[in-house]
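Step one of this worksheet: look at the structure below.
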Number of protein chains: 2
Amino acid sequence: MKELDPILHSQLRLAVMSILMSVDEADFVYLKEKTESTAGNLSVQLDKLSAAGYITVTKGFVGKKTRTTCQVTDQGKKAFEQYVEALKDYLNL
Amino acid sequence: MKELDPILHSQLRLAVMSILMSVDEADFVYLKEKTESTAGNLSVQLDKLSAAGYITVTKGFVGKKTRTTCQVTDQGKKAFEQYVEALKDYLNL
DNA sequence: AATGTTTGGTTTATATTATAAACCGCTTTA
DNA sequence: TAAAGCGGTTTATAATATAAACCAAACATT
């Protein structure tokens, strides 16, 4: 049985990656709403995805307000796809 | 986004359930080999699946040797199928 | 213009989980 | 009968997820 990438095998991180795979760019507030997570938890998990090289996190401004935007990297896309393939074995799909 | 059943969202427990879903009965030694887990880890995870009502664990003998056999319950089957459905949302399947 | 409130987060503490190491009783073998 | 395997369980530790507490900047309120 294939190993399941532990970075992706986490509900919140997987949810974030899932969103980013289909949207190409999403900000902190949007991700927080969509995943119904707390800001603290989201912040930590984004750091981990970023540290793994799966997403890029960019801090910018919209007017005077800060805005943190996330994008999936090529490496992240690849990892996500491999994770899906690995999981299929487990789910009998 | 649906919640992912935390009992099933664990590599080893999911592997065990996956096997039991397609085999109807498997013993401890077989599960250990198939999942390439340590006996300790497997023992703990079987307990959790059992405590959740997802599998039954039966201790018997074959000759003089003990034999621990596992089967998935109806509740376990249902939970597994729901987990698969929930995951599909995340994986975009 | 000081005072509270909200927004957009980060850091830190805590609870839960996964995992392996140490252990145990029973057999088999030397 | 001593020692080595087999089939596990219990317990200690490391890793993880999660929320609570916190912080700075902007905005509204008196």
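In the structure tokens, the first chain shown is A, the next is B, and so on; residue numbers restart at 1 for each chain, and ligands run from 1 in the order shown.
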Would you mind aligning chain A to chain B, a least-squares fit over all C-alpha atoms taken in order, and returning the superposed chain as a PDB file with N, CA and C atoms, in the first residue's frame?
ATOM      1  N   MET A   1     -17.978  22.272   3.322  1.00  0.00           N
ATOM      2  CA  MET A   1     -17.215  21.021   3.150  1.00  0.00           C
ATOM      3  C   MET A   1     -17.557  20.027   4.248  1.00  0.00           C
ATOM      4  N   LYS A   2     -17.867  18.831   3.848  1.00  0.00           N
ATOM      5  CA  LYS A   2     -18.225  17.795   4.822  1.00  0.00           C
ATOM      6  C   LYS A   2     -17.055  17.481   5.758  1.00  0.00           C
ATOM      7  N   GLU A   3     -17.406  17.012   6.921  1.00  0.00           N
ATOM      8  CA  GLU A   3     -16.371  16.588   7.874  1.00  0.00           C
ATOM      9  C   GLU A   3     -15.841  15.221   7.461  1.00  0.00           C
ATOM     10  N   LEU A   4     -14.568  15.024   7.675  1.00  0.00           N
ATOM     11  CA  LEU A   4     -13.989  13.706   7.394  1.00  0.00           C
ATOM     12  C   LEU A   4     -13.901  12.919   8.699  1.00  0.00           C
ATOM     13  N   ASP A   5     -14.621  11.845   8.790  1.00  0.00           N
ATOM     14  CA  ASP A   5     -14.641  10.985   9.986  1.00  0.00           C
ATOM     15  C   ASP A   5     -13.217  10.730  10.491  1.00  0.00           C
ATOM     16  N   PRO A   6     -12.890  11.279  11.669  1.00  0.00           N
ATOM     17  CA  PRO A   6     -11.518  11.181  12.155  1.00  0.00           C
ATOM     18  C   PRO A   6     -11.081   9.747  12.478  1.00  0.00           C
ATOM     19  N   ILE A   7     -12.036   8.887  12.706  1.00  0.00           N
ATOM     20  CA  ILE A   7     -11.676   7.483  12.952  1.00  0.00           C
ATOM     21  C   ILE A   7     -11.103   6.867  11.667  1.00  0.00           C
ATOM     22  N   LEU A   8     -11.660   7.269  10.558  1.00  0.00           N
ATOM     23  CA  LEU A   8     -11.200   6.694   9.284  1.00  0.00           C
ATOM     24  C   LEU A   8     -10.075   7.498   8.657  1.00  0.00           C
ATOM     25  N   HIS A   9      -9.967   8.754   9.030  1.00  0.00           N
ATOM     26  CA  HIS A   9      -8.948   9.591   8.404  1.00  0.00           C
ATOM     27  C   HIS A   9      -7.601   9.395   9.081  1.00  0.00           C
ATOM     28  N   SER A  10      -7.105   8.208   8.999  1.00  0.00           N
ATOM     29  CA  SER A  10      -5.819   7.828   9.570  1.00  0.00           C
ATOM     30  C   SER A  10      -5.288   6.716   8.678  1.00  0.00           C
ATOM     31  N   GLN A  11      -4.056   6.873   8.250  1.00  0.00           N
ATOM     32  CA  GLN A  11      -3.547   5.969   7.214  1.00  0.00           C
ATOM     33  C   GLN A  11      -3.734   4.500   7.560  1.00  0.00           C
ATOM     34  N   LEU A  12      -3.292   4.124   8.750  1.00  0.00           N
ATOM     35  CA  LEU A  12      -3.343   2.702   9.097  1.00  0.00           C
ATOM     36  C   LEU A  12      -4.772   2.193   9.261  1.00  0.00           C
ATOM     37  N   ARG A  13      -5.598   2.959   9.960  1.00  0.00           N
ATOM     38  CA  ARG A  13      -6.981   2.504  10.134  1.00  0.00           C
ATOM     39  C   ARG A  13      -7.703   2.421   8.800  1.00  0.00           C
ATOM     40  N   LEU A  14      -7.428   3.371   7.931  1.00  0.00           N
ATOM     41  CA  LEU A  14      -8.051   3.347   6.610  1.00  0.00           C
ATOM     42  C   LEU A  14      -7.599   2.130   5.821  1.00  0.00           C
ATOM     43  N   ALA A  15      -6.327   1.817   5.913  1.00  0.00           N
ATOM     44  CA  ALA A  15      -5.789   0.647   5.213  1.00  0.00           C
ATOM     45  C   ALA A  15      -6.469  -0.624   5.714  1.00  0.00           C
ATOM     46  N   VAL A  16      -6.599  -0.735   7.005  1.00  0.00           N
ATOM     47  CA  VAL A  16      -7.258  -1.911   7.597  1.00  0.00           C
ATOM     48  C   VAL A  16      -8.694  -2.016   7.097  1.00  0.00           C
ATOM     49  N   MET A  17      -9.397  -0.909   7.158  1.00  0.00           N
ATOM     50  CA  MET A  17     -10.793  -0.907   6.715  1.00  0.00           C
ATOM     51  C   MET A  17     -10.885  -1.250   5.236  1.00  0.00           C
ATOM     52  N   SER A  18      -9.981  -0.706   4.463  1.00  0.00           N
ATOM     53  CA  SER A  18      -9.974  -0.973   3.033  1.00  0.00           C
ATOM     54  C   SER A  18      -9.838  -2.470   2.765  1.00  0.00           C
ATOM     55  N   ILE A  19      -8.929  -3.092   3.477  1.00  0.00           N
ATOM     56  CA  ILE A  19      -8.736  -4.539   3.325  1.00  0.00           C
ATOM     57  C   ILE A  19      -9.999  -5.293   3.752  1.00  0.00           C
ATOM     58  N   LEU A  20     -10.501  -4.930   4.915  1.00  0.00           N
ATOM     59  CA  LEU A  20     -11.673  -5.653   5.437  1.00  0.00           C
ATOM     60  C   LEU A  20     -12.918  -5.458   4.569  1.00  0.00           C
ATOM     61  N   MET A  21     -12.978  -4.345   3.870  1.00  0.00           N
ATOM     62  CA  MET A  21     -14.123  -4.110   2.988  1.00  0.00           C
ATOM     63  C   MET A  21     -14.124  -5.086   1.822  1.00  0.00           C
ATOM     64  N   SER A  22     -12.967  -5.569   1.460  1.00  0.00           N
ATOM     65  CA  SER A  22     -12.919  -6.409   0.258  1.00  0.00           C
ATOM     66  C   SER A  22     -12.625  -7.856   0.589  1.00  0.00           C
ATOM     67  N   VAL A  23     -12.607  -8.201   1.866  1.00  0.00           N
ATOM     68  CA  VAL A  23     -12.177  -9.555   2.191  1.00  0.00           C
ATOM     69  C   VAL A  23     -13.013 -10.246   3.262  1.00  0.00           C
ATOM     70  N   ASP A  24     -13.801  -9.438   3.983  1.00  0.00           N
ATOM     71  CA  ASP A  24     -14.794 -10.036   4.879  1.00  0.00           C
ATOM     72  C   ASP A  24     -14.258 -10.689   6.145  1.00  0.00           C
ATOM     73  N   GLU A  25     -12.988 -10.977   6.177  1.00  0.00           N
ATOM     74  CA  GLU A  25     -12.371 -11.527   7.386  1.00  0.00           C
ATOM     75  C   GLU A  25     -10.868 -11.555   7.170  1.00  0.00           C
ATOM     76  N   ALA A  26     -10.136 -11.067   8.169  1.00  0.00           N
ATOM     77  CA  ALA A  26      -8.682 -11.090   8.050  1.00  0.00           C
ATOM     78  C   ALA A  26      -8.099 -11.179   9.448  1.00  0.00           C
ATOM     79  N   ASP A  27      -7.005 -11.905   9.596  1.00  0.00           N
ATOM     80  CA  ASP A  27      -6.432 -12.015  10.936  1.00  0.00           C
ATOM     81  C   ASP A  27      -5.308 -11.008  11.151  1.00  0.00           C
ATOM     82  N   PHE A  28      -4.919 -10.904  12.405  1.00  0.00           N
ATOM     83  CA  PHE A  28      -3.930  -9.919  12.829  1.00  0.00           C
ATOM     84  C   PHE A  28      -2.651 -10.002  12.001  1.00  0.00           C
ATOM     85  N   VAL A  29      -2.144 -11.197  11.851  1.00  0.00           N
ATOM     86  CA  VAL A  29      -0.874 -11.390  11.149  1.00  0.00           C
ATOM     87  C   VAL A  29      -0.972 -10.940   9.695  1.00  0.00           C
ATOM     88  N   TYR A  30      -2.074 -11.289   9.063  1.00  0.00           N
ATOM     89  CA  TYR A  30      -2.296 -10.887   7.675  1.00  0.00           C
ATOM     90  C   TYR A  30      -2.364  -9.359   7.544  1.00  0.00           C
ATOM     91  N   LEU A  31      -3.115  -8.741   8.428  1.00  0.00           N
ATOM     92  CA  LEU A  31      -3.256  -7.281   8.394  1.00  0.00           C
ATOM     93  C   LEU A  31      -1.912  -6.604   8.625  1.00  0.00           C
ATOM     94  N   LYS A  32      -1.151  -7.176   9.530  1.00  0.00           N
ATOM     95  CA  LYS A  32       0.161  -6.627   9.836  1.00  0.00           C
ATOM     96  C   LYS A  32       1.074  -6.671   8.611  1.00  0.00           C
ATOM     97  N   GLU A  33       1.059  -7.796   7.919  1.00  0.00           N
ATOM     98  CA  GLU A  33       1.896  -7.933   6.723  1.00  0.00           C
ATOM     99  C   GLU A  33       1.427  -6.993   5.619  1.00  0.00           C
ATOM    100  N   LYS A  34       0.151  -7.018   5.359  1.00  0.00           N
ATOM    101  CA  LYS A  34      -0.412  -6.222   4.263  1.00  0.00           C
ATOM    102  C   LYS A  34      -0.206  -4.726   4.465  1.00  0.00           C
ATOM    103  N   THR A  35      -0.324  -4.290   5.708  1.00  0.00           N
ATOM    104  CA  THR A  35      -0.207  -2.857   5.976  1.00  0.00           C
ATOM    105  C   THR A  35       1.217  -2.447   6.325  1.00  0.00           C
ATOM    106  N   GLU A  36       2.081  -3.444   6.476  1.00  0.00           N
ATOM    107  CA  GLU A  36       3.471  -3.171   6.861  1.00  0.00           C
ATOM    108  C   GLU A  36       3.568  -2.323   8.121  1.00  0.00           C
ATOM    109  N   SER A  37       2.717  -2.610   9.072  1.00  0.00           N
ATOM    110  CA  SER A  37       2.742  -1.860  10.328  1.00  0.00           C
ATOM    111  C   SER A  37       3.426  -2.681  11.410  1.00  0.00           C
ATOM    112  N   THR A  38       3.750  -2.013  12.508  1.00  0.00           N
ATOM    113  CA  THR A  38       4.262  -2.738  13.667  1.00  0.00           C
ATOM    114  C   THR A  38       3.060  -3.338  14.406  1.00  0.00           C
ATOM    115  N   ALA A  39       3.318  -4.392  15.173  1.00  0.00           N
ATOM    116  CA  ALA A  39       2.242  -5.046  15.907  1.00  0.00           C
ATOM    117  C   ALA A  39       1.587  -4.085  16.889  1.00  0.00           C
ATOM    118  N   GLY A  40       2.401  -3.293  17.568  1.00  0.00           N
ATOM    119  CA  GLY A  40       1.876  -2.361  18.562  1.00  0.00           C
ATOM    120  C   GLY A  40       0.920  -1.354  17.955  1.00  0.00           C
ATOM    121  N   ASN A  41       1.354  -0.747  16.901  1.00  0.00           N
ATOM    122  CA  ASN A  41       0.517   0.231  16.223  1.00  0.00           C
ATOM    123  C   ASN A  41      -0.786  -0.417  15.738  1.00  0.00           C
ATOM    124  N   LEU A  42      -0.658  -1.560  15.118  1.00  0.00           N
ATOM    125  CA  LEU A  42      -1.847  -2.253  14.614  1.00  0.00           C
ATOM    126  C   LEU A  42      -2.810  -2.566  15.749  1.00  0.00           C
ATOM    127  N   SER A  43      -2.295  -3.076  16.821  1.00  0.00           N
ATOM    128  CA  SER A  43      -3.123  -3.424  17.974  1.00  0.00           C
ATOM    129  C   SER A  43      -3.935  -2.218  18.452  1.00  0.00           C
ATOM    130  N   VAL A  44      -3.265  -1.096  18.604  1.00  0.00           N
ATOM    131  CA  VAL A  44      -3.943   0.124  19.056  1.00  0.00           C
ATOM    132  C   VAL A  44      -5.043   0.541  18.075  1.00  0.00           C
ATOM    133  N   GLN A  45      -4.713   0.523  16.799  1.00  0.00           N
ATOM    134  CA  GLN A  45      -5.679   1.000  15.804  1.00  0.00           C
ATOM    135  C   GLN A  45      -6.863   0.050  15.668  1.00  0.00           C
ATOM    136  N   LEU A  46      -6.621  -1.242  15.818  1.00  0.00           N
ATOM    137  CA  LEU A  46      -7.735  -2.190  15.797  1.00  0.00           C
ATOM    138  C   LEU A  46      -8.667  -1.929  16.971  1.00  0.00           C
ATOM    139  N   ASP A  47      -8.080  -1.648  18.119  1.00  0.00           N
ATOM    140  CA  ASP A  47      -8.898  -1.301  19.289  1.00  0.00           C
ATOM    141  C   ASP A  47      -9.802  -0.099  18.990  1.00  0.00           C
ATOM    142  N   LYS A  48      -9.224   0.895  18.352  1.00  0.00           N
ATOM    143  CA  LYS A  48     -10.016   2.097  18.083  1.00  0.00           C
ATOM    144  C   LYS A  48     -11.157   1.805  17.108  1.00  0.00           C
ATOM    145  N   LEU A  49     -10.858   1.046  16.083  1.00  0.00           N
ATOM    146  CA  LEU A  49     -11.906   0.693  15.117  1.00  0.00           C
ATOM    147  C   LEU A  49     -12.990  -0.122  15.806  1.00  0.00           C
ATOM    148  N   SER A  50     -12.556  -0.999  16.679  1.00  0.00           N
ATOM    149  CA  SER A  50     -13.483  -1.834  17.416  1.00  0.00           C
ATOM    150  C   SER A  50     -14.334  -1.002  18.374  1.00  0.00           C
ATOM    151  N   ALA A  51     -13.686  -0.101  19.091  1.00  0.00           N
ATOM    152  CA  ALA A  51     -14.393   0.765  20.037  1.00  0.00           C
ATOM    153  C   ALA A  51     -15.417   1.641  19.313  1.00  0.00           C
ATOM    154  N   ALA A  52     -15.120   1.987  18.080  1.00  0.00           N
ATOM    155  CA  ALA A  52     -16.043   2.809  17.295  1.00  0.00           C
ATOM    156  C   ALA A  52     -17.184   1.978  16.723  1.00  0.00           C
ATOM    157  N   GLY A  53     -17.072   0.672  16.863  1.00  0.00           N
ATOM    158  CA  GLY A  53     -18.106  -0.209  16.323  1.00  0.00           C
ATOM    159  C   GLY A  53     -17.954  -0.477  14.835  1.00  0.00           C
ATOM    160  N   TYR A  54     -16.772  -0.190  14.289  1.00  0.00           N
ATOM    161  CA  TYR A  54     -16.565  -0.361  12.849  1.00  0.00           C
ATOM    162  C   TYR A  54     -16.107  -1.773  12.489  1.00  0.00           C
ATOM    163  N   ILE A  55     -15.495  -2.450  13.429  1.00  0.00           N
ATOM    164  CA  ILE A  55     -15.079  -3.839  13.187  1.00  0.00           C
ATOM    165  C   ILE A  55     -15.369  -4.676  14.441  1.00  0.00           C
ATOM    166  N   THR A  56     -15.396  -5.979  14.250  1.00  0.00           N
ATOM    167  CA  THR A  56     -15.436  -6.887  15.392  1.00  0.00           C
ATOM    168  C   THR A  56     -14.113  -7.630  15.422  1.00  0.00           C
ATOM    169  N   VAL A  57     -13.633  -7.859  16.632  1.00  0.00           N
ATOM    170  CA  VAL A  57     -12.364  -8.553  16.808  1.00  0.00           C
ATOM    171  C   VAL A  57     -12.636  -9.822  17.614  1.00  0.00           C
ATOM    172  N   THR A  58     -12.273 -10.951  17.031  1.00  0.00           N
ATOM    173  CA  THR A  58     -12.561 -12.225  17.689  1.00  0.00           C
ATOM    174  C   THR A  58     -11.266 -12.973  17.950  1.00  0.00           C
ATOM    175  N   LYS A  59     -11.104 -13.433  19.178  1.00  0.00           N
ATOM    176  CA  LYS A  59      -9.908 -14.187  19.500  1.00  0.00           C
ATOM    177  C   LYS A  59     -10.242 -15.669  19.556  1.00  0.00           C
ATOM    178  N   GLY A  60      -9.483 -16.441  18.797  1.00  0.00           N
ATOM    179  CA  GLY A  60      -9.749 -17.870  18.779  1.00  0.00           C
ATOM    180  C   GLY A  60      -8.443 -18.633  18.752  1.00  0.00           C
ATOM    181  N   PHE A  61      -8.525 -19.896  18.446  1.00  0.00           N
ATOM    182  CA  PHE A  61      -7.327 -20.725  18.371  1.00  0.00           C
ATOM    183  C   PHE A  61      -7.288 -21.455  17.038  1.00  0.00           C
ATOM    184  N   VAL A  62      -6.074 -21.613  16.544  1.00  0.00           N
ATOM    185  CA  VAL A  62      -5.876 -22.510  15.415  1.00  0.00           C
ATOM    186  C   VAL A  62      -4.790 -23.471  15.900  1.00  0.00           C
ATOM    187  N   GLY A  63      -5.192 -24.673  16.233  1.00  0.00           N
ATOM    188  CA  GLY A  63      -4.310 -25.600  16.926  1.00  0.00           C
ATOM    189  C   GLY A  63      -4.104 -25.079  18.328  1.00  0.00           C
ATOM    190  N   LYS A  64      -2.868 -24.845  18.698  1.00  0.00           N
ATOM    191  CA  LYS A  64      -2.599 -24.303  20.032  1.00  0.00           C
ATOM    192  C   LYS A  64      -2.306 -22.814  20.006  1.00  0.00           C
ATOM    193  N   LYS A  65      -2.234 -22.271  18.779  1.00  0.00           N
ATOM    194  CA  LYS A  65      -1.876 -20.857  18.643  1.00  0.00           C
ATOM    195  C   LYS A  65      -3.101 -19.957  18.641  1.00  0.00           C
ATOM    196  N   THR A  66      -2.937 -18.819  19.279  1.00  0.00           N
ATOM    197  CA  THR A  66      -4.029 -17.851  19.275  1.00  0.00           C
ATOM    198  C   THR A  66      -4.152 -17.225  17.884  1.00  0.00           C
ATOM    199  N   ARG A  67      -5.368 -16.802  17.604  1.00  0.00           N
ATOM    200  CA  ARG A  67      -5.608 -16.152  16.317  1.00  0.00           C
ATOM    201  C   ARG A  67      -6.652 -15.068  16.519  1.00  0.00           C
ATOM    202  N   THR A  68      -6.297 -13.851  16.099  1.00  0.00           N
ATOM    203  CA  THR A  68      -7.198 -12.718  16.247  1.00  0.00           C
ATOM    204  C   THR A  68      -7.749 -12.376  14.881  1.00  0.00           C
ATOM    205  N   THR A  69      -9.053 -12.476  14.760  1.00  0.00           N
ATOM    206  CA  THR A  69      -9.682 -12.267  13.455  1.00  0.00           C
ATOM    207  C   THR A  69     -10.551 -11.015  13.489  1.00  0.00           C
ATOM    208  N   CYS A  70     -10.544 -10.292  12.371  1.00  0.00           N
ATOM    209  CA  CYS A  70     -11.310  -9.042  12.296  1.00  0.00           C
ATOM    210  C   CYS A  70     -12.296  -9.078  11.138  1.00  0.00           C
ATOM    211  N   GLN A  71     -13.428  -8.478  11.390  1.00  0.00           N
ATOM    212  CA  GLN A  71     -14.449  -8.342  10.356  1.00  0.00           C
ATOM    213  C   GLN A  71     -15.031  -6.944  10.434  1.00  0.00           C
ATOM    214  N   VAL A  72     -15.409  -6.410   9.298  1.00  0.00           N
ATOM    215  CA  VAL A  72     -16.049  -5.096   9.296  1.00  0.00           C
ATOM    216  C   VAL A  72     -17.526  -5.294   9.635  1.00  0.00           C
ATOM    217  N   THR A  73     -18.072  -4.376  10.398  1.00  0.00           N
ATOM    218  CA  THR A  73     -19.501  -4.437  10.739  1.00  0.00           C
ATOM    219  C   THR A  73     -20.312  -3.641   9.716  1.00  0.00           C
ATOM    220  N   ASP A  74     -21.615  -3.765   9.790  1.00  0.00           N
ATOM    221  CA  ASP A  74     -22.474  -2.977   8.899  1.00  0.00           C
ATOM    222  C   ASP A  74     -22.238  -1.485   9.125  1.00  0.00           C
ATOM    223  N   GLN A  75     -22.107  -1.136  10.389  1.00  0.00           N
ATOM    224  CA  GLN A  75     -21.835   0.262  10.732  1.00  0.00           C
ATOM    225  C   GLN A  75     -20.521   0.724  10.104  1.00  0.00           C
ATOM    226  N   GLY A  76     -19.535  -0.149  10.155  1.00  0.00           N
ATOM    227  CA  GLY A  76     -18.237   0.151   9.577  1.00  0.00           C
ATOM    228  C   GLY A  76     -18.327   0.345   8.075  1.00  0.00           C
ATOM    229  N   LYS A  77     -19.082  -0.526   7.430  1.00  0.00           N
ATOM    230  CA  LYS A  77     -19.261  -0.407   5.977  1.00  0.00           C
ATOM    231  C   LYS A  77     -19.885   0.928   5.624  1.00  0.00           C
ATOM    232  N   LYS A  78     -20.910   1.263   6.380  1.00  0.00           N
ATOM    233  CA  LYS A  78     -21.625   2.519   6.131  1.00  0.00           C
ATOM    234  C   LYS A  78     -20.682   3.714   6.330  1.00  0.00           C
ATOM    235  N   ALA A  79     -19.948   3.671   7.416  1.00  0.00           N
ATOM    236  CA  ALA A  79     -19.023   4.769   7.709  1.00  0.00           C
ATOM    237  C   ALA A  79     -17.969   4.892   6.619  1.00  0.00           C
ATOM    238  N   PHE A  80     -17.474   3.771   6.170  1.00  0.00           N
ATOM    239  CA  PHE A  80     -16.457   3.777   5.116  1.00  0.00           C
ATOM    240  C   PHE A  80     -17.017   4.405   3.840  1.00  0.00           C
ATOM    241  N   GLU A  81     -18.225   3.990   3.492  1.00  0.00           N
ATOM    242  CA  GLU A  81     -18.826   4.531   2.268  1.00  0.00           C
ATOM    243  C   GLU A  81     -19.081   6.028   2.380  1.00  0.00           C
ATOM    244  N   GLN A  82     -19.510   6.453   3.544  1.00  0.00           N
ATOM    245  CA  GLN A  82     -19.732   7.886   3.733  1.00  0.00           C
ATOM    246  C   GLN A  82     -18.418   8.653   3.671  1.00  0.00           C
ATOM    247  N   TYR A  83     -17.390   8.051   4.235  1.00  0.00           N
ATOM    248  CA  TYR A  83     -16.065   8.679   4.194  1.00  0.00           C
ATOM    249  C   TYR A  83     -15.609   8.855   2.739  1.00  0.00           C
ATOM    250  N   VAL A  84     -15.803   7.820   1.949  1.00  0.00           N
ATOM    251  CA  VAL A  84     -15.424   7.890   0.536  1.00  0.00           C
ATOM    252  C   VAL A  84     -16.171   9.014  -0.165  1.00  0.00           C
ATOM    253  N   GLU A  85     -17.463   9.099   0.093  1.00  0.00           N
ATOM    254  CA  GLU A  85     -18.248  10.168  -0.534  1.00  0.00           C
ATOM    255  C   GLU A  85     -17.751  11.543  -0.112  1.00  0.00           C
ATOM    256  N   ALA A  86     -17.483  11.690   1.182  1.00  0.00           N
ATOM    257  CA  ALA A  86     -17.004  12.975   1.677  1.00  0.00           C
ATOM    258  C   ALA A  86     -15.671  13.337   1.030  1.00  0.00           C
ATOM    259  N   LEU A  87     -14.800  12.363   0.938  1.00  0.00           N
ATOM    260  CA  LEU A  87     -13.473  12.623   0.368  1.00  0.00           C
ATOM    261  C   LEU A  87     -13.550  13.037  -1.097  1.00  0.00           C
ATOM    262  N   LYS A  88     -14.481  12.473  -1.805  1.00  0.00           N
ATOM    263  CA  LYS A  88     -14.605  12.804  -3.228  1.00  0.00           C
ATOM    264  C   LYS A  88     -14.732  14.313  -3.431  1.00  0.00           C
ATOM    265  N   ASP A  89     -15.431  14.982  -2.524  1.00  0.00           N
ATOM    266  CA  ASP A  89     -15.543  16.437  -2.619  1.00  0.00           C
ATOM    267  C   ASP A  89     -14.177  17.099  -2.557  1.00  0.00           C
ATOM    268  N   TYR A  90     -13.348  16.584  -1.677  1.00  0.00           N
ATOM    269  CA  TYR A  90     -12.018  17.161  -1.491  1.00  0.00           C
ATOM    270  C   TYR A  90     -11.108  16.878  -2.680  1.00  0.00           C
ATOM    271  N   LEU A  91     -11.272  15.687  -3.245  1.00  0.00           N
ATOM    272  CA  LEU A  91     -10.359  15.263  -4.307  1.00  0.00           C
ATOM    273  C   LEU A  91     -10.829  15.714  -5.679  1.00  0.00           C
ATOM    274  N   ASN A  92     -12.024  16.310  -5.729  1.00  0.00           N
ATOM    275  CA  ASN A  92     -12.626  16.700  -7.004  1.00  0.00           C
ATOM    276  C   ASN A  92     -12.840  15.503  -7.926  1.00  0.00           C
ATOM    277  N   LEU A  93     -13.358  14.447  -7.376  1.00  0.00           N
ATOM    278  CA  LEU A  93     -13.640  13.232  -8.181  1.00  0.00           C
ATOM    279  C   LEU A  93     -15.120  13.195  -8.587  1.00  0.00           C
TER     280      LEU A  93
END
**OP:** Return the neighbours of chain B among the residues of chain D, cut-off 10 Å, counting only C-alpha atoms (C1' of nucleotides), as a list in words.
**Re:**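 Residues satisfying the distance criterion: DC6, DG7, DG8, DT9 and DT10 of chain D.
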**OP:** Output as an MDAnalysis selection string the set of chain C residues within 12 Å of chain A, with distances taken over only C-alpha atoms (C1' of nucleotides).
**Re:** chainID C and resid 7:12 18
Store the residues picked out above in a file with C-alpha atoms (C1' of nucleotides), as a JSON list (two decimals), in the first residue's frame.
[["chain", "number", "residue", "atom", "x", "y", "z"],
["C", 7, "DT", "C1'", -10.16, 43.18, 10.83],
["C", 8, "DG", "C1'", -6.50, 40.25, 9.59],
["C", 9, "DG", "C1'", -3.74, 37.79, 11.09],
["C", 10, "DT", "C1'", 0.51, 35.24, 14.36],
["C", 11, "DT", "C1'", 2.24, 32.92, 18.45],
["C", 12, "DT", "C1'", 1.79, 29.88, 22.00],
["C", 18, "DA", "C1'", 0.04, 8.12, 15.86]]
Original post:
Mind checking DSSP for chain B and telling me the strand (DSSP E) residues as a PyMOL selection string?
Top reply: chain B and resi 26-27+55-62+65-72
Take the residues from that selection and write them out as a compact mmCIF listing (two decimals), in the first residue's frame, keeping C-alpha atoms.
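Output saved as out.txt:
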# COMPACT_ATOMS: atom_id res chain seq x y z
CA ALA B 26 -8.68 -11.09 8.03
CA ASP B 27 -6.43 -12.04 10.91
CA ILE B 55 -15.10 -3.84 13.22
CA THR B 56 -15.44 -6.89 15.40
CA VAL B 57 -12.37 -8.57 16.80
CA THR B 58 -12.57 -12.25 17.66
CA LYS B 59 -9.92 -14.21 19.48
CA GLY B 60 -9.73 -17.88 18.73
CA PHE B 61 -7.29 -20.72 18.37
CA VAL B 62 -5.85 -22.54 15.45
CA LYS B 65 -1.81 -20.82 18.65
CA THR B 66 -3.99 -17.82 19.25
CA ARG B 67 -5.57 -16.16 16.28
CA THR B 68 -7.20 -12.73 16.22
CA THR B 69 -9.67 -12.27 13.44
CA CYS B 70 -11.32 -9.04 12.29
CA GLN B 71 -14.47 -8.34 10.35
CA VAL B 72 -16.06 -5.10 9.31
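Between atom C1' of C:DG4 and atom C1' of D:DA25 the interatomic distance comes to 14.4 Å.
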Original post:
Skipping near chain neighbours, those fewer than 4 positions away, what residues fall within 9 Å of stretch 11-13 of chain D using only C-alpha atoms (C1' of nucleotides), listed as a ChimeraX atom specification?
Top reply: /C:19-22
Let's have the selection written as a compact mmCIF listing (two decimals), in the first residue's frame, with C-alpha atoms (C1' of nucleotides).
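Writing the result to selection-v9.txt gives the following:
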# COMPACT_ATOMS: atom_id res chain seq x y z
C1' DT C 19 3.83 5.30 16.52
C1' DA C 20 7.34 2.44 18.30
C1' DA C 21 9.59 0.43 22.24
C1' DA C 22 9.24 -2.39 25.93
Original post:
Which of stretch 7-89 of chain B counts as helix (DSSP H, G or I) under DSSP, as number ranges by chain please?
Top reply: B: 11-21, 28-35, 39-51, 74-89
**OP:** State, in Å with one decimal place, the distance from atom C1' of C:DA15 to atom C1' of D:DA21.
**Re:** 16.1 Å
